[in-house]
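Student: This is my_file-v7.cif (mmCIF, C-alpha atoms).
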```cif
data_query
loop_
_atom_site.label_atom_id
_atom_site.label_comp_id
_atom_site.auth_asym_id
_atom_site.auth_seq_id
_atom_site.Cartn_x
_atom_site.Cartn_y
_atom_site.Cartn_z
CA MET A 19 -1.20 5.91 -7.50
CA THR A 20 -1.71 9.53 -6.60
CA THR A 21 0.79 11.90 -5.12
CA ASP A 22 -1.13 11.96 -1.83
CA ILE A 23 -0.78 8.20 -1.39
CA VAL A 24 2.93 8.28 -2.21
CA LEU A 25 3.52 11.12 0.25
CA GLU A 26 1.56 9.32 2.95
CA ILE A 27 3.60 6.14 2.46
CA PHE A 28 6.83 8.16 2.46
CA ARG A 29 5.82 10.00 5.64
CA GLU A 30 5.01 6.71 7.36
CA ALA A 31 8.34 5.23 6.22
CA VAL A 32 10.29 8.16 7.66
CA MET A 33 8.34 7.96 10.93
CA LEU A 34 9.05 4.22 11.10
CA ALA A 35 12.76 4.88 10.63
CA PHE A 36 12.69 7.42 13.47
CA LYS A 37 10.73 5.10 15.76
CA LEU A 38 13.11 2.20 15.15
CA ALA A 39 16.32 4.20 15.45
CA LEU A 40 15.42 6.36 18.44
CA PRO A 41 15.66 3.76 21.26
CA VAL A 42 18.99 2.42 20.01
CA LEU A 43 20.46 5.88 19.57
CA LEU A 44 19.26 7.01 23.00
CA VAL A 45 20.82 3.98 24.70
CA ALA A 46 24.11 4.52 22.86
CA MET A 47 24.08 8.21 23.77
CA ILE A 48 23.31 7.61 27.45
CA VAL A 49 25.91 4.86 27.82
CA GLY A 50 28.47 6.98 25.97
CA LEU A 51 27.74 9.94 28.24
CA VAL A 52 28.08 7.84 31.40
CA ILE A 53 31.36 6.34 30.18
CA ALA A 54 32.67 9.79 29.22
CA ILE A 55 31.87 11.12 32.69
CA LEU A 56 33.60 8.12 34.30
CA GLN A 57 36.63 8.58 32.04
CA ALA A 58 36.80 12.28 32.88
CA ALA A 59 36.55 11.54 36.60
CA THR A 60 39.23 8.86 36.54
CA GLN A 61 41.35 10.50 33.81
CA ILE A 62 41.53 7.25 31.86
CA HIS A 63 41.13 8.08 28.19
CA GLU A 64 41.21 4.75 26.42
CA GLN A 65 39.14 4.39 23.23
CA THR A 66 38.22 0.75 23.79
CA ILE A 67 36.75 1.43 27.22
CA SER A 68 33.97 3.49 25.65
CA PHE A 69 33.39 1.17 22.70
CA ALA A 70 32.76 -2.14 24.47
CA PRO A 71 29.98 -0.99 26.85
CA LYS A 72 28.21 0.87 24.05
CA ALA A 73 28.38 -2.19 21.80
CA VAL A 74 26.98 -4.41 24.56
CA ALA A 75 24.22 -1.91 25.43
CA VAL A 76 23.17 -1.48 21.80
CA GLY A 77 23.22 -5.25 21.28
CA LEU A 78 21.03 -5.82 24.33
CA THR A 79 18.67 -3.05 23.23
CA LEU A 80 18.30 -4.63 19.81
CA PHE A 81 17.79 -8.06 21.38
CA PHE A 82 15.04 -6.92 23.73
CA LEU A 83 13.31 -4.57 21.28
CA ALA A 84 13.47 -6.91 18.26
CA PRO A 85 9.88 -8.20 18.63
CA TRP A 86 8.52 -4.65 18.80
CA MET A 87 10.67 -3.56 15.85
CA ILE A 88 9.56 -6.51 13.75
CA GLN A 89 5.91 -5.83 14.59
CA GLU A 90 6.30 -2.18 13.58
CA CYS A 91 7.81 -3.26 10.24
CA VAL A 92 5.00 -5.77 9.67
CA ASP A 93 2.44 -3.06 10.44
CA PHE A 94 4.11 -0.77 7.91
CA VAL A 95 4.08 -3.45 5.22
CA ASN A 96 0.40 -4.09 5.91
CA PHE A 97 -0.23 -0.34 5.64
CA VAL A 98 1.52 -0.23 2.26
CA PHE A 99 -0.45 -3.25 1.00
CA GLU A 100 -3.71 -1.65 2.14
CA LYS A 101 -2.82 1.51 0.22
CA MET A 102 -1.94 -0.56 -2.84
CA ALA A 103 -5.23 -2.44 -2.62
CA ALA A 104 -7.15 0.83 -2.47
CA ILE A 105 -5.70 2.05 -5.76
CA PRO A 106 -8.42 2.05 -8.40
CA ILE A 107 -7.72 -0.03 -11.48
CA ILE A 108 -8.14 1.95 -14.68
#
```
Go ahead and render the structure in this file as C-alpha cells.
Tutor:
Amino acid sequence: MTTDIVLEIFREAVMLAFKLALPVLLVAMIVGLVIAILQAATQIHEQTISFAPKAVAVGLTLFFLAPWMIQECVDFVNFVFEKMAAIPII
C-alpha cells in the first residue's frame, strides 16, 4: 500500500466525517440560535429550555438523515475495498 493510497483514503474519511457531521451541527446551531434569541427577548434564562428543543431537533435530523448517512458510509467502505483490491500482490 503506497502513501498515495493511504492519503487518499484518509482524505475521503475526513470528508465523510465532515459530510455526516455538518447537517446535525447546523441544525443544532440554528435551533440554539433561535432559542437564544427567544430567551433574550423574553428574559427567561433557563438552561433546560435550550437543551430540550436542541435534543429533539438533533434526534429528528438523525432520524430523517439516517438512510443517507448509512449510504455514505457504505460508499466509503466500498471505496476502501476497491483501493485494497487494487493493491498489487508482491
Student: Starting from the PyMOL selection byres ((chain A and resi 69-78) around 7), expand the selection into actual residues of this file and give them as a list in words.
Tutor: Val42, Val45, Ala46, Val49, Gly50, Gln65, Thr66, Ile67, Ser68, Thr79, Leu80, Phe81 and Phe82 of chain A
Student: Write out the residues from the selection above, keeping C-alpha atoms, as a PDB file, keeping the file's coordinate frame.
Tutor:
```pdb
ATOM      1  CA  VAL A  42      18.990   2.420  20.010  1.00  0.00           C
ATOM      2  CA  VAL A  45      20.820   3.980  24.700  1.00  0.00           C
ATOM      3  CA  ALA A  46      24.110   4.520  22.860  1.00  0.00           C
ATOM      4  CA  VAL A  49      25.910   4.860  27.820  1.00  0.00           C
ATOM      5  CA  GLY A  50      28.470   6.980  25.970  1.00  0.00           C
ATOM      6  CA  GLN A  65      39.140   4.390  23.230  1.00  0.00           C
ATOM      7  CA  THR A  66      38.220   0.750  23.790  1.00  0.00           C
ATOM      8  CA  ILE A  67      36.750   1.430  27.220  1.00  0.00           C
ATOM      9  CA  SER A  68      33.970   3.490  25.650  1.00  0.00           C
ATOM     10  CA  THR A  79      18.670  -3.050  23.230  1.00  0.00           C
ATOM     11  CA  LEU A  80      18.300  -4.630  19.810  1.00  0.00           C
ATOM     12  CA  PHE A  81      17.790  -8.060  21.380  1.00  0.00           C
ATOM     13  CA  PHE A  82      15.040  -6.920  23.730  1.00  0.00           C
TER      14      PHE A  82
END
```
Student: Let me know the residues the PyMOL selection byres ((chain A and resi 87-93) around 12) catches in the file above, as a list in words.
Tutor: Glu30, Ala31, Val32, Met33, Leu34, Ala35, Phe36, Lys37, Leu38, Ala39, Leu40, Pro41, Val42, Thr79, Leu80, Phe81, Phe82, Leu83, Ala84, Pro85, Trp86, Phe94, Val95, Asn96, Phe97, Val98, Phe99 and Glu100 of chain A
Student: For CA of Phe28 in chain A and CA of Ile108 in chain A, determine how far apart the two atoms are, in Å to one decimal place.
Tutor: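 Computed distance, CA of Phe28 in chain A to CA of Ile108 in chain A, equals 23.6 Å.
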Student: Could you state the separation of CA of Thr21 in chain A and CA of Ile105 in chain A in Å, given to one decimal place?
Tutor: 11.8 Å
Student: Let me make sure I understand: among A:Met102, A:Ala59, A:Leu44, A:Glu64, which one has the smallest atom-to-atom distance to Glu26 in chain A if we use only C-alpha atoms?
Tutor: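 Among A:Met102, A:Ala59, A:Leu44, A:Glu64, it is A:Met102 that comes nearest to Glu26 in chain A.
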Student: Which value, in Å to one decimal, gives the distance between CA of Lys101 in chain A and CA of Thr20 in chain A?
Tutor: 10.6 Å
